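Source file: input.csv; contents: CSV, C-alpha atoms and all ligand atoms.
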chain,number,residue,atom,x,y,z
A,24,MET,CA,3.7,-17.0,10.2
A,25,ILE,CA,1.8,-15.7,7.1
A,26,GLU,CA,1.5,-18.0,4.1
A,27,VAL,CA,-0.3,-16.8,1.1
A,28,SER,CA,-0.5,-18.8,-2.2
A,29,GLY,CA,-2.3,-18.2,-5.4
A,30,LEU,CA,-4.5,-15.7,-3.6
A,31,THR,CA,-7.2,-14.3,-5.9
A,32,LYS,CA,-10.2,-12.1,-5.3
A,33,GLU,CA,-12.8,-11.3,-7.9
A,34,TYR,CA,-15.5,-8.7,-7.3
A,35,LYS,CA,-18.8,-9.0,-9.2
A,36,ILE,CA,-19.9,-5.6,-10.1
A,37,ALA,CA,-23.5,-5.1,-11.3
A,38,LEU,CA,-23.7,-3.0,-14.4
A,39,ARG,CA,-26.6,-0.7,-15.0
A,40,LYS,CA,-27.4,1.4,-17.9
A,41,PRO,CA,-28.2,5.0,-16.9
A,42,GLY,CA,-31.6,6.5,-16.3
A,43,LEU,CA,-35.0,5.0,-15.7
A,44,THR,CA,-34.8,2.5,-18.5
A,45,GLY,CA,-31.6,1.1,-17.1
A,46,ALA,CA,-33.2,0.8,-13.6
A,47,ILE,CA,-36.2,-1.1,-15.0
A,48,GLN,CA,-34.0,-3.4,-17.2
A,49,ALA,CA,-31.9,-4.1,-14.1
A,50,LEU,CA,-34.9,-5.4,-12.3
A,51,PHE,CA,-35.3,-8.2,-14.9
A,52,LYS,CA,-31.9,-8.8,-16.2
A,53,ARG,CA,-28.7,-8.1,-14.3
A,54,GLU,CA,-25.5,-7.7,-16.2
A,55,HIS,CA,-22.3,-8.2,-14.3
A,56,GLN,CA,-18.7,-7.4,-14.8
A,57,ILE,CA,-15.9,-9.3,-13.0
A,58,LYS,CA,-13.2,-7.2,-11.4
A,59,GLN,CA,-10.0,-9.1,-10.6
A,60,ALA,CA,-8.8,-7.1,-7.6
A,61,VAL,CA,-6.1,-9.6,-6.5
A,62,GLN,CA,-4.7,-12.2,-8.9
A,63,ASP,CA,-2.6,-15.2,-8.0
A,64,VAL,CA,-0.7,-13.5,-5.2
A,65,SER,CA,1.8,-15.6,-3.2
A,66,PHE,CA,4.2,-14.7,-0.5
A,67,SER,CA,5.3,-15.9,2.9
A,68,ILE,CA,6.2,-13.7,5.9
A,69,ARG,CA,8.3,-14.9,8.8
A,70,LYS,CA,7.6,-14.1,12.5
A,71,GLY,CA,8.9,-10.7,13.4
A,72,GLU,CA,9.2,-9.4,9.8
A,73,MET,CA,8.0,-5.9,9.0
A,74,VAL,CA,6.9,-5.8,5.4
A,75,GLY,CA,5.7,-2.8,3.3
A,76,TYR,CA,2.8,-3.7,1.0
A,77,LEU,CA,2.9,-1.1,-1.7
A,78,GLY,CA,1.0,-0.2,-4.8
A,79,ALA,CA,-0.8,2.6,-6.5
A,80,ASN,CA,-4.5,3.4,-5.7
A,81,GLY,CA,-6.7,0.5,-6.6
A,82,ALA,CA,-3.7,-2.0,-6.9
A,83,GLY,CA,-5.4,-4.4,-4.5
A,84,LYS,CA,-3.7,-3.7,-1.2
A,85,SER,CA,-6.8,-3.4,0.9
A,86,THR,CA,-8.4,-6.4,-0.7
A,87,THR,CA,-5.3,-8.5,0.2
A,88,ILE,CA,-5.3,-7.2,3.8
A,89,LYS,CA,-9.0,-7.8,4.2
A,90,MET,CA,-8.4,-11.4,3.1
A,91,LEU,CA,-5.5,-11.8,5.5
A,92,SER,CA,-7.5,-10.4,8.4
A,93,GLY,CA,-10.5,-12.6,7.6
A,94,ILE,CA,-12.9,-9.8,6.6
A,95,LEU,CA,-13.1,-11.1,3.0
A,96,THR,CA,-13.2,-14.7,1.7
A,97,PRO,CA,-10.8,-15.3,-1.3
A,98,THR,CA,-12.3,-16.4,-4.6
A,99,SER,CA,-9.4,-18.9,-4.8
A,100,GLY,CA,-6.0,-19.6,-3.2
A,101,LYS,CA,-4.8,-20.1,0.3
A,102,VAL,CA,-4.2,-17.9,3.3
A,103,GLU,CA,-2.8,-19.0,6.6
A,104,VAL,CA,-2.0,-16.6,9.4
A,105,ASN,CA,-0.6,-18.0,12.6
A,106,GLY,CA,-1.6,-21.5,11.4
A,107,ILE,CA,-5.3,-20.3,11.0
A,108,VAL,CA,-7.3,-19.8,7.9
A,109,PRO,CA,-8.6,-16.3,8.8
A,110,TYR,CA,-11.9,-16.3,7.0
A,111,GLN,CA,-12.8,-19.8,8.4
A,112,ASN,CA,-11.9,-19.0,12.0
A,113,ARG,CA,-12.6,-15.4,12.3
A,114,GLU,CA,-12.9,-15.3,16.1
A,115,GLN,CA,-9.8,-17.3,16.8
A,116,ASN,CA,-8.0,-15.3,14.1
A,117,ALA,CA,-9.1,-11.9,15.6
A,118,LYS,CA,-7.3,-12.8,18.9
A,119,GLY,CA,-4.0,-13.1,17.2
A,120,ILE,CA,-4.1,-10.0,15.0
A,121,GLY,CA,-4.4,-6.3,15.5
A,122,ALA,CA,-5.3,-3.7,12.8
A,123,VAL,CA,-5.5,-0.1,12.0
A,124,PHE,CA,-7.5,0.6,9.0
A,125,GLY,CA,-7.2,4.2,7.8
A,126,GLN,CA,-10.2,6.2,8.8
A,127,ARG,CA,-12.1,3.5,10.6
A,128,THR,CA,-12.0,3.4,14.3
A,129,GLN,CA,-12.1,0.5,16.7
A,130,LEU,CA,-12.5,2.8,19.7
A,131,PHE,CA,-15.9,3.8,21.0
A,132,TRP,CA,-16.7,7.2,19.8
A,133,ASP,CA,-18.4,8.7,22.8
A,134,ILE,CA,-16.5,7.3,25.7
A,135,PRO,CA,-13.1,8.2,27.1
A,136,VAL,CA,-10.2,6.4,25.4
A,137,ARG,CA,-9.3,4.6,28.6
A,138,GLU,CA,-12.7,3.1,28.8
A,139,SER,CA,-12.5,1.9,25.2
A,140,TYR,CA,-9.3,0.2,26.1
A,141,ASP,CA,-10.9,-1.4,29.1
A,142,LEU,CA,-13.6,-2.8,26.9
A,143,LEU,CA,-11.1,-4.1,24.4
A,144,ARG,CA,-9.3,-5.7,27.3
A,145,HIS,CA,-12.4,-7.7,28.2
A,146,ILE,CA,-13.2,-8.6,24.6
A,147,TYR,CA,-9.7,-9.9,24.0
A,148,GLU,CA,-9.5,-11.4,27.5
A,149,VAL,CA,-6.2,-9.7,28.3
A,150,PRO,CA,-4.9,-10.5,31.8
A,151,GLU,CA,-5.0,-7.5,34.1
A,152,ASP,CA,-1.2,-7.3,34.7
A,153,ASP,CA,-0.4,-7.5,31.0
A,154,TYR,CA,-2.9,-4.9,30.3
A,155,ARG,CA,-1.5,-2.5,32.9
A,156,GLU,CA,2.0,-3.1,31.7
A,157,SER,CA,1.1,-2.5,28.0
A,158,LEU,CA,-0.9,0.6,28.8
A,159,ALA,CA,2.0,2.1,30.8
A,160,LEU,CA,4.4,1.4,27.9
A,161,PHE,CA,2.0,2.7,25.2
A,162,THR,CA,1.3,5.8,27.2
A,163,GLU,CA,4.9,6.6,27.5
A,164,VAL,CA,6.0,5.9,23.9
A,165,LEU,CA,2.9,7.4,22.3
A,166,ASP,CA,2.5,10.2,24.8
A,167,LEU,CA,-1.1,9.2,25.5
A,168,GLY,CA,-1.3,10.5,29.1
A,169,PRO,CA,-3.4,13.6,28.4
A,170,LEU,CA,-5.7,11.8,25.9
A,171,LEU,CA,-6.9,8.9,28.0
A,172,SER,CA,-9.8,10.7,29.7
A,173,ILE,CA,-11.1,12.3,26.5
A,174,PRO,CA,-13.8,10.8,24.3
A,175,VAL,CA,-12.5,9.8,20.8
A,176,ARG,CA,-14.8,12.2,19.0
A,177,GLN,CA,-13.0,15.1,20.6
A,178,LEU,CA,-9.5,14.0,19.5
A,179,SER,CA,-7.6,15.4,16.6
A,180,LEU,CA,-6.6,13.1,13.8
A,181,GLY,CA,-3.0,12.6,15.1
A,182,GLN,CA,-4.3,12.1,18.7
A,183,LYS,CA,-6.8,9.6,17.5
A,184,MET,CA,-4.3,7.7,15.4
A,185,ARG,CA,-2.0,7.3,18.4
A,186,CYS,CA,-4.9,5.9,20.4
A,187,GLU,CA,-5.9,3.6,17.6
A,188,LEU,CA,-2.4,2.2,17.3
A,189,ALA,CA,-2.3,1.5,21.0
A,190,ALA,CA,-5.7,-0.3,20.7
A,191,ALA,CA,-4.3,-2.5,17.9
A,192,PHE,CA,-1.4,-3.7,20.0
A,193,LEU,CA,-3.2,-3.9,23.3
A,194,HIS,CA,-3.8,-7.7,23.3
A,195,ARG,CA,-0.2,-8.3,22.1
A,196,PRO,CA,-1.2,-9.8,18.8
A,197,ALA,CA,1.4,-11.8,16.8
A,198,VAL,CA,0.5,-10.0,13.6
A,199,VAL,CA,-0.6,-6.4,13.0
A,200,TYR,CA,-2.0,-4.9,9.8
A,201,LEU,CA,-1.5,-1.2,9.4
A,202,ASP,CA,-3.2,0.6,6.6
A,203,GLU,CA,-1.9,4.1,6.2
A,204,PRO,CA,-1.2,4.7,9.9
A,205,THR,CA,0.5,8.0,9.3
A,206,ILE,CA,-1.7,9.6,6.7
A,207,GLY,CA,-2.3,13.3,7.2
A,208,LEU,CA,-0.2,13.5,10.3
A,209,ASP,CA,2.5,16.0,11.1
A,210,VAL,CA,6.2,15.0,11.2
A,211,ALA,CA,6.4,14.8,15.0
A,212,VAL,CA,3.3,12.5,15.3
A,213,LYS,CA,4.6,10.4,12.4
A,214,GLN,CA,7.8,9.9,14.3
A,215,LYS,CA,6.1,8.9,17.5
A,216,ILE,CA,4.0,6.3,15.6
A,217,ARG,CA,7.1,4.9,13.8
A,218,THR,CA,9.0,4.7,17.0
A,219,PHE,CA,6.1,2.9,18.6
A,220,ILE,CA,5.8,0.3,15.8
A,221,LYS,CA,9.6,-0.3,15.9
A,222,GLU,CA,9.5,-0.7,19.7
A,223,MET,CA,6.7,-3.2,19.6
A,224,ASN,CA,8.4,-5.2,16.8
A,225,LYS,CA,11.5,-5.3,18.9
A,226,ARG,CA,9.9,-6.2,22.2
A,227,GLU,CA,7.3,-8.6,21.1
A,228,GLU,CA,8.6,-9.7,17.7
A,229,THR,CA,5.3,-8.6,16.3
A,230,THR,CA,4.9,-9.3,12.6
A,231,VAL,CA,3.8,-6.1,10.8
A,232,ILE,CA,2.3,-5.6,7.4
A,233,LEU,CA,2.2,-2.0,6.5
A,234,THR,CA,0.4,-0.4,3.5
A,235,THR,CA,1.3,3.2,3.1
A,236,HIS,CA,2.1,5.8,0.4
A,237,ASP,CA,4.6,7.4,2.7
A,238,MET,CA,8.0,6.2,1.8
A,239,GLY,CA,9.4,7.6,5.1
A,240,ASP,CA,7.3,4.9,6.9
A,241,ILE,CA,8.7,2.2,4.7
A,242,GLU,CA,12.3,3.4,4.9
A,243,GLU,CA,12.2,3.6,8.6
A,244,LEU,CA,10.4,0.4,9.3
A,245,CYS,CA,10.6,-2.2,6.5
A,246,LYS,CA,13.6,-4.0,5.1
A,247,ARG,CA,11.3,-5.9,2.7
A,248,ILE,CA,8.6,-4.6,0.4
A,249,ILE,CA,6.0,-6.3,-1.8
A,250,ILE,CA,4.7,-4.1,-4.6
A,251,ILE,CA,1.5,-5.0,-6.3
A,252,ASP,CA,0.0,-3.6,-9.5
A,253,GLU,CA,-3.4,-4.5,-10.9
A,254,GLY,CA,-3.7,-7.2,-8.3
A,255,LYS,CA,-0.4,-9.0,-9.2
A,256,VAL,CA,2.9,-9.1,-7.3
A,257,LEU,CA,5.4,-6.9,-9.2
A,258,TYR,CA,8.2,-7.1,-6.8
A,259,ASP,CA,8.9,-8.9,-3.5
A,260,GLY,CA,12.3,-8.4,-2.0
A,261,ASP,CA,14.7,-6.2,-0.4
A,262,LEU,CA,14.0,-2.5,-0.3
A,263,GLN,CA,17.6,-1.6,-0.8
A,264,GLN,CA,17.8,-3.6,-3.9
A,265,ILE,CA,14.8,-2.0,-5.5
A,266,LYS,CA,16.4,1.4,-4.9
A,267,GLU,CA,19.4,0.4,-6.8
A,268,ARG,CA,17.6,-1.5,-9.5
A,269,PHE,CA,14.8,0.8,-10.5
A,270,GLY,CA,15.5,4.0,-8.8
A,271,GLN,CA,17.0,6.2,-11.4
A,272,LYS,CA,15.1,5.1,-14.5
A,273,ARG,CA,13.1,7.8,-16.3
A,274,VAL,CA,11.4,7.7,-19.7
A,275,VAL,CA,10.5,10.5,-22.2
A,276,HIS,CA,8.2,9.6,-25.1
A,277,PHE,CA,8.7,11.7,-28.3
A,278,GLU,CA,6.2,11.8,-31.1
A,279,LEU,CA,8.2,12.7,-34.1
A,280,GLU,CA,7.3,14.2,-37.5
A,281,ASN,CA,9.2,11.4,-39.1
A,282,LYS,CA,10.6,8.5,-37.2
A,283,ALA,CA,12.4,6.9,-40.2
A,284,GLY,CA,15.6,9.0,-39.8
A,285,PHE,CA,15.7,8.9,-36.0
A,286,ALA,CA,19.0,8.5,-34.4
A,287,VAL,CA,20.0,9.1,-30.8
A,288,PRO,CA,21.7,12.6,-30.6
A,289,ALA,CA,25.4,12.4,-30.2
A,290,SER,CA,25.3,14.2,-26.9
A,291,LEU,CA,23.1,11.5,-25.4
A,292,ARG,CA,24.8,8.5,-26.9
A,293,ASP,CA,25.6,5.8,-24.3
A,294,ARG,CA,23.5,7.6,-21.8
A,295,VAL,CA,20.0,6.8,-23.1
A,296,GLU,CA,18.4,3.7,-24.4
A,297,ILE,CA,15.6,3.3,-26.9
A,298,VAL,CA,12.7,1.5,-25.1
A,299,PRO,CA,11.4,-1.4,-27.2
A,300,LYS,CA,7.8,-1.2,-28.4
A,301,ALA,CA,5.3,-2.5,-25.9
A,302,ASP,CA,3.0,-5.4,-26.9
A,303,GLY,CA,0.2,-4.1,-29.1
A,304,GLU,CA,1.8,-0.8,-29.9
A,305,ALA,CA,1.6,-0.1,-33.7
A,306,GLU,CA,4.9,-0.7,-35.4
A,307,ALA,CA,4.1,2.3,-37.7
A,308,SER,CA,3.7,4.7,-34.8
A,309,ASN,CA,6.1,7.7,-34.8
A,310,THR,CA,6.8,7.5,-31.2
A,311,VAL,CA,10.3,6.9,-29.8
A,312,SER,CA,10.8,6.4,-26.1
A,313,LEU,CA,14.1,7.1,-24.5
A,314,SER,CA,15.0,5.8,-21.0
A,315,PHE,CA,17.8,7.2,-19.0
A,316,SER,CA,19.1,7.4,-15.5
A,317,SER,CA,18.3,10.5,-13.6
A,318,ARG,CA,21.7,10.3,-12.1
A,319,ASP,CA,23.3,11.0,-15.4
A,320,LEU,CA,20.8,13.3,-17.1
A,321,SER,CA,17.7,15.4,-16.4
A,322,ALA,CA,14.6,15.1,-18.5
A,323,ALA,CA,15.3,18.6,-19.7
A,324,ASP,CA,18.8,17.5,-21.1
A,325,VAL,CA,17.2,14.7,-23.0
A,326,ILE,CA,14.4,16.8,-24.4
A,327,GLN,CA,16.7,19.6,-25.4
A,328,ALA,CA,19.1,17.3,-27.2
A,329,VAL,CA,16.3,15.6,-29.2
A,330,LEU,CA,14.6,18.9,-30.1
A,331,SER,CA,17.8,20.3,-31.5
A,332,VAL,CA,18.1,17.6,-34.1
A,333,HIS,CA,14.6,16.3,-34.7
A,334,SER,CA,11.1,17.7,-35.4
A,335,VAL,CA,9.0,16.7,-32.5
A,336,ARG,CA,5.2,16.9,-32.6
A,337,ASP,CA,4.6,16.1,-29.0
A,338,LEU,CA,6.3,14.7,-26.0
A,339,THR,CA,5.5,13.3,-22.6
A,340,ILE,CA,7.6,12.4,-19.6
A,341,ALA,CA,6.3,9.0,-18.7
A,342,ASP,CA,4.2,8.3,-15.7
A,343,PRO,CA,6.9,6.5,-13.8
A,344,LYS,CA,6.2,2.8,-13.0
A,345,ILE,CA,5.3,2.0,-9.5
A,346,GLU,CA,8.9,1.0,-8.7
A,347,THR,CA,10.1,4.3,-10.0
A,348,ILE,CA,7.4,6.1,-8.0
A,349,VAL,CA,8.6,4.4,-4.9
A,350,LYS,CA,12.1,5.8,-5.5
A,351,GLU,CA,10.8,9.2,-6.7
A,352,ILE,CA,9.0,9.6,-3.4
A,353,TYR,CA,12.2,8.6,-1.7
A,354,GLU,CA,14.2,11.4,-3.3
A,355,ARG,CA,11.6,14.1,-3.0
A,356,GLY,CA,9.7,13.2,0.1
A,357,VAL,CA,5.9,13.0,0.2
A,401,LIG,N1,-16.3,-4.0,-2.8
A,401,LIG,C1,-15.8,-3.9,-4.0
A,401,LIG,N2,-16.6,-4.1,-5.1
A,401,LIG,C2,-16.1,-4.0,-6.4
A,401,LIG,N3,-14.8,-3.6,-6.7
A,401,LIG,C3,-14.0,-3.3,-5.6
A,401,LIG,C4,-14.5,-3.4,-4.3
A,401,LIG,N4,-13.4,-3.1,-3.4
A,401,LIG,C5,-12.4,-2.8,-4.2
A,401,LIG,N5,-12.7,-2.9,-5.6
A,401,LIG,C6,-11.9,-2.7,-6.7
A,401,LIG,O1,-10.8,-3.6,-6.6
A,401,LIG,C7,-9.6,-3.0,-7.0
A,401,LIG,C8,-8.6,-3.1,-5.8
A,401,LIG,O2,-9.1,-2.3,-4.7
A,401,LIG,P1,-8.3,-2.1,-3.3
A,401,LIG,O3,-9.2,-1.3,-2.5
A,401,LIG,O4,-7.9,-3.4,-2.9
A,401,LIG,O5,-7.1,-1.2,-3.8
A,401,LIG,P2,-5.9,-0.5,-2.9
A,401,LIG,O6,-4.6,-0.9,-3.5
A,401,LIG,O7,-6.2,-0.8,-1.5
A,401,LIG,O8,-6.2,1.0,-3.2
A,401,LIG,P3,-6.0,2.4,-2.3
A,401,LIG,O9,-4.5,2.7,-2.3
A,401,LIG,O10,-6.7,3.4,-3.2
A,401,LIG,O11,-6.6,2.1,-1.0
A,401,LIG,C9,-9.9,-1.6,-7.4
A,401,LIG,O12,-10.0,-1.5,-8.8
A,401,LIG,C10,-11.3,-1.3,-6.7
A,401,LIG,O13,-12.1,-0.5,-7.5

Written as structure tokens, how would this file's structure read?
Ligand SMILES: Nc1ncnc2c1ncn2[C@@H]1O[C@H](COP(=O)(O)OP(=O)(O)OP(=O)(O)O)[C@@H](O)[C@H]1O
Amino acid sequence: MIEVSGLTKEYKIALRKPGLTGAIQALFKREHQIKQAVQDVSFSIRKGEMVGYLGANGAGKSTTIKMLSGILTPTSGKVEVNGIVPYQNREQNAKGIGAVFGQRTQLFWDIPVRESYDLLRHIYEVPEDDYRESLALFTEVLDLGPLLSIPVRQLSLGQKMRCELAAAFLHRPAVVYLDEPTIGLDVAVKQKIRTFIKEMNKREETTVILTTHDMGDIEELCKRIIIIDEGKVLYDGDLQQIKERFGQKRVVHFELENKAGFAVPASLRDRVEIVPKADGEAEASNTVSLSFSSRDLSAADVIQAVLSVHSVRDLTIADPKIETIVKEIYERGV
């Protein structure tokens, strides 16, 4: 259904020195910097799969989705969706996909929602009967009844998102891209939206790619996740596995007065590991990093034990890796 291989996108960013001199110089000589937003990404997604596409801010999620949906042309690599190269056959591609992109709307701002749907029906050439059937179903699951006669600009965020979602599925696309479909919504609306996505997936075997920072969405909808970081695929596989594999790891970095005599305190032995130095980190640095499972220990236990036997100048609890973040959000909620 979706085949992506070696997908890469570079943005060329114009550099300009500050001030008037910079502006004048830029007129004559433009300097550029290349930003590798997506690097050599490959995956394939089967019909009917619902996949969470995850990563920190700026990881390259939107850039990937834009290439999949035909908005952007890749710098290199291949994309095929439904047997179509999206950026080469935009019109044909558009008929087979639906999308909800965060804050952007595909509904017409000043006219009642129902009329927007009617226009979309004509644009996508949806047969009248199918349209009526879909609208009845969507109205029921997403509780759209009272909203259909209201212009979009008068809707609340949650109401608008429900209407957007219905619009994305109206022409029964084979693939739907959802970018943060539940952001900023209350629990009840989130639940409606998740139920709707699940229902559509079940009924129509719609393939769904979902980017979200809300692990509740992922947990409820996706068996498989793809995590990207700095444009590269970090993990592609089963959600359950990632929970077991990375979930409990935490790291505390200690900057010691003197690393030479460092030994793991007896009370922590067998429960923490010394993290090997990262590439490029000075051998002489006085930093020792201990990783441990949050199932066995808390960061406070580790810090206390080290402080009781070593002189510590500074310490940081590491920014968890994206995998760990995924799990952290799991445990604590959003
Ligand atoms: N039009 C653009 N021109 C230049 N750089 C861009 C452009 N769009 C995105 N980038 C850069 O490419 C990288 C990936 O951006 P992208 O929007 O794909 O990330 P993202 O994972 O969707 O992030 P977020 O979760 O914040 O939406 C970022 O470093 C971003 O600054």

message: Please identify all protein, DNA and RNA residues within 9 Å of ligand LIG 401 (chain A), counting only C-alpha atoms and all ligand atoms, and report them as number ranges by chain.
response: A: 32-37, 57-61, 77-89, 202-203, 234-236, 251-254

Once you have the residues from the selection above, write them out as a tab-separated table (two decimals), in the frame of the given file, restricted to C-alpha atoms.
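Output below, filename out.tsv:
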chain	number	residue	atom	x	y	z
A	32	LYS	CA	-10.20	-12.10	-5.30
A	33	GLU	CA	-12.80	-11.30	-7.90
A	34	TYR	CA	-15.50	-8.70	-7.30
A	35	LYS	CA	-18.80	-9.00	-9.20
A	36	ILE	CA	-19.90	-5.60	-10.10
A	37	ALA	CA	-23.50	-5.10	-11.30
A	57	ILE	CA	-15.90	-9.30	-13.00
A	58	LYS	CA	-13.20	-7.20	-11.40
A	59	GLN	CA	-10.00	-9.10	-10.60
A	60	ALA	CA	-8.80	-7.10	-7.60
A	61	VAL	CA	-6.10	-9.60	-6.50
A	77	LEU	CA	2.90	-1.10	-1.70
A	78	GLY	CA	1.00	-0.20	-4.80
A	79	ALA	CA	-0.80	2.60	-6.50
A	80	ASN	CA	-4.50	3.40	-5.70
A	81	GLY	CA	-6.70	0.50	-6.60
A	82	ALA	CA	-3.70	-2.00	-6.90
A	83	GLY	CA	-5.40	-4.40	-4.50
A	84	LYS	CA	-3.70	-3.70	-1.20
A	85	SER	CA	-6.80	-3.40	0.90
A	86	THR	CA	-8.40	-6.40	-0.70
A	87	THR	CA	-5.30	-8.50	0.20
A	88	ILE	CA	-5.30	-7.20	3.80
A	89	LYS	CA	-9.00	-7.80	4.20
A	202	ASP	CA	-3.20	0.60	6.60
A	203	GLU	CA	-1.90	4.10	6.20
A	234	THR	CA	0.40	-0.40	3.50
A	235	THR	CA	1.30	3.20	3.10
A	236	HIS	CA	2.10	5.80	0.40
A	251	ILE	CA	1.50	-5.00	-6.30
A	252	ASP	CA	0.00	-3.60	-9.50
A	253	GLU	CA	-3.40	-4.50	-10.90
A	254	GLY	CA	-3.70	-7.20	-8.30

- prompt: Looking at A:Ile206, A:Leu193, A:Val123, A:Leu91, which one is nearest to A:Glu227, with distances taken over only C-alpha atoms?
  reply: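 Of the candidates, the smallest distance to A:Glu227 is held by A:Leu193.
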
Identify the residues around (-13.0, -16.9, 3.1) within a radius of 7 Å, measuring from only C-alpha atoms in the coordinates stated by the file, and give them as a PDB file with C-alpha atoms, in the frame of the given file.
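Printed below is part02.pdb as written:
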ATOM      1  CA  GLY A  93     -10.500 -12.600   7.600  1.00  0.00           C
ATOM      2  CA  LEU A  95     -13.100 -11.100   3.000  1.00  0.00           C
ATOM      3  CA  THR A  96     -13.200 -14.700   1.700  1.00  0.00           C
ATOM      4  CA  PRO A  97     -10.800 -15.300  -1.300  1.00  0.00           C
ATOM      5  CA  TYR A 110     -11.900 -16.300   7.000  1.00  0.00           C
ATOM      6  CA  GLN A 111     -12.800 -19.800   8.400  1.00  0.00           C
TER       7      GLN A 111
END

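Coordinates place atom CA of A:Leu244 at a distance of 12.6 Å from atom CA of A:Lys215.
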
task: Have a look at A:Val136, A:Val274, A:Ile232, A:Ile248 and name the one nearest to A:Cys186; count only C-alpha atoms.
output: A:Val136

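Distance check against A:Val325 using all atoms listed in the file: of A:Ile249, A:Ile340, A:Ala117, A:Met73, the minimum falls on A:Ile340.
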
task: List the neighbours of A:His333 out to 10 Å using all atoms listed in the file; skip same-chain residues closer than 6 positions along the sequence, and give me the result as a PyMOL selection string.
output: chain A and resi 277+279-282+284-288

field: Two-atom distance - atom CA of A:Pro135, atom CA of A:Asp152 (Å)
entry: 21.0 Å

query: At a cut-off of 12 Å from (10.4, -2.4, 15.8) in the coordinates of the file, what residues are picked up using only C-alpha atoms, written as an MDAnalysis selection string?
result: chainID A and resid 71:74 216:231 240 243:246

Would you put the residues from that selection into a file with C-alpha atoms, as a compact mmCIF listing (two decimals), in the frame of the given file?
# COMPACT_ATOMS: atom_id res chain seq x y z
CA GLY A 71 8.90 -10.70 13.40
CA GLU A 72 9.20 -9.40 9.80
CA MET A 73 8.00 -5.90 9.00
CA VAL A 74 6.90 -5.80 5.40
CA ILE A 216 4.00 6.30 15.60
CA ARG A 217 7.10 4.90 13.80
CA THR A 218 9.00 4.70 17.00
CA PHE A 219 6.10 2.90 18.60
CA ILE A 220 5.80 0.30 15.80
CA LYS A 221 9.60 -0.30 15.90
CA GLU A 222 9.50 -0.70 19.70
CA MET A 223 6.70 -3.20 19.60
CA ASN A 224 8.40 -5.20 16.80
CA LYS A 225 11.50 -5.30 18.90
CA ARG A 226 9.90 -6.20 22.20
CA GLU A 227 7.30 -8.60 21.10
CA GLU A 228 8.60 -9.70 17.70
CA THR A 229 5.30 -8.60 16.30
CA THR A 230 4.90 -9.30 12.60
CA VAL A 231 3.80 -6.10 10.80
CA ASP A 240 7.30 4.90 6.90
CA GLU A 243 12.20 3.60 8.60
CA LEU A 244 10.40 0.40 9.30
CA CYS A 245 10.60 -2.20 6.50
CA LYS A 246 13.60 -4.00 5.10

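Pairwise distance (atom CA of A:Lys255, atom CA of A:Ser28) equals 12.0 Å.
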
task: Check the smallest atom-to-atom distance from each of A:Leu313, A:Leu165, A:Ala189, A:Ile107 to A:Leu130 using all atoms listed in the file, then report the winner.
output: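 Under the stated criterion, the closest residue is A:Ala189.
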
task: With a distance cut-off of 12 Å and all atoms listed in the file, select the neighbouring residues of A:Ser139, excluding the residue or stretch itself and same-chain residues fewer than 2 positions from it, and output the selection as a VMD selection string.
output: chain A and resid 128 to 137 141 to 146 171 to 175 186 to 187 189 to 191 193

Using the selection just defined, write its residues with C-alpha atoms as a PDB file, keeping the file's coordinate frame.
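Saved result, part_12.pdb, follows:
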ATOM      1  CA  THR A 128     -12.000   3.400  14.300  1.00  0.00           C
ATOM      2  CA  GLN A 129     -12.100   0.500  16.700  1.00  0.00           C
ATOM      3  CA  LEU A 130     -12.500   2.800  19.700  1.00  0.00           C
ATOM      4  CA  PHE A 131     -15.900   3.800  21.000  1.00  0.00           C
ATOM      5  CA  TRP A 132     -16.700   7.200  19.800  1.00  0.00           C
ATOM      6  CA  ASP A 133     -18.400   8.700  22.800  1.00  0.00           C
ATOM      7  CA  ILE A 134     -16.500   7.300  25.700  1.00  0.00           C
ATOM      8  CA  PRO A 135     -13.100   8.200  27.100  1.00  0.00           C
ATOM      9  CA  VAL A 136     -10.200   6.400  25.400  1.00  0.00           C
ATOM     10  CA  ARG A 137      -9.300   4.600  28.600  1.00  0.00           C
ATOM     11  CA  ASP A 141     -10.900  -1.400  29.100  1.00  0.00           C
ATOM     12  CA  LEU A 142     -13.600  -2.800  26.900  1.00  0.00           C
ATOM     13  CA  LEU A 143     -11.100  -4.100  24.400  1.00  0.00           C
ATOM     14  CA  ARG A 144      -9.300  -5.700  27.300  1.00  0.00           C
ATOM     15  CA  HIS A 145     -12.400  -7.700  28.200  1.00  0.00           C
ATOM     16  CA  ILE A 146     -13.200  -8.600  24.600  1.00  0.00           C
ATOM     17  CA  LEU A 171      -6.900   8.900  28.000  1.00  0.00           C
ATOM     18  CA  SER A 172      -9.800  10.700  29.700  1.00  0.00           C
ATOM     19  CA  ILE A 173     -11.100  12.300  26.500  1.00  0.00           C
ATOM     20  CA  PRO A 174     -13.800  10.800  24.300  1.00  0.00           C
ATOM     21  CA  VAL A 175     -12.500   9.800  20.800  1.00  0.00           C
ATOM     22  CA  CYS A 186      -4.900   5.900  20.400  1.00  0.00           C
ATOM     23  CA  GLU A 187      -5.900   3.600  17.600  1.00  0.00           C
ATOM     24  CA  ALA A 189      -2.300   1.500  21.000  1.00  0.00           C
ATOM     25  CA  ALA A 190      -5.700  -0.300  20.700  1.00  0.00           C
ATOM     26  CA  ALA A 191      -4.300  -2.500  17.900  1.00  0.00           C
ATOM     27  CA  LEU A 193      -3.200  -3.900  23.300  1.00  0.00           C
TER      28      LEU A 193
END

field: Selection: 7 Å around A:Ile250, all atoms listed in the file, excl. self and same-chain fewer than 3 positions, as a list in words
entry: Tyr76, Leu77, Gly78, Val256, Leu257, Tyr258 and Asp259 of chain A

task: Could you give me, as a PyMOL selection string, the residues within 10 Å of A:Gly168, counting all atoms listed in the file and dropping anything in the same chain fewer than 5 positions from it?
output: chain A and resi 137+158-159+161-163
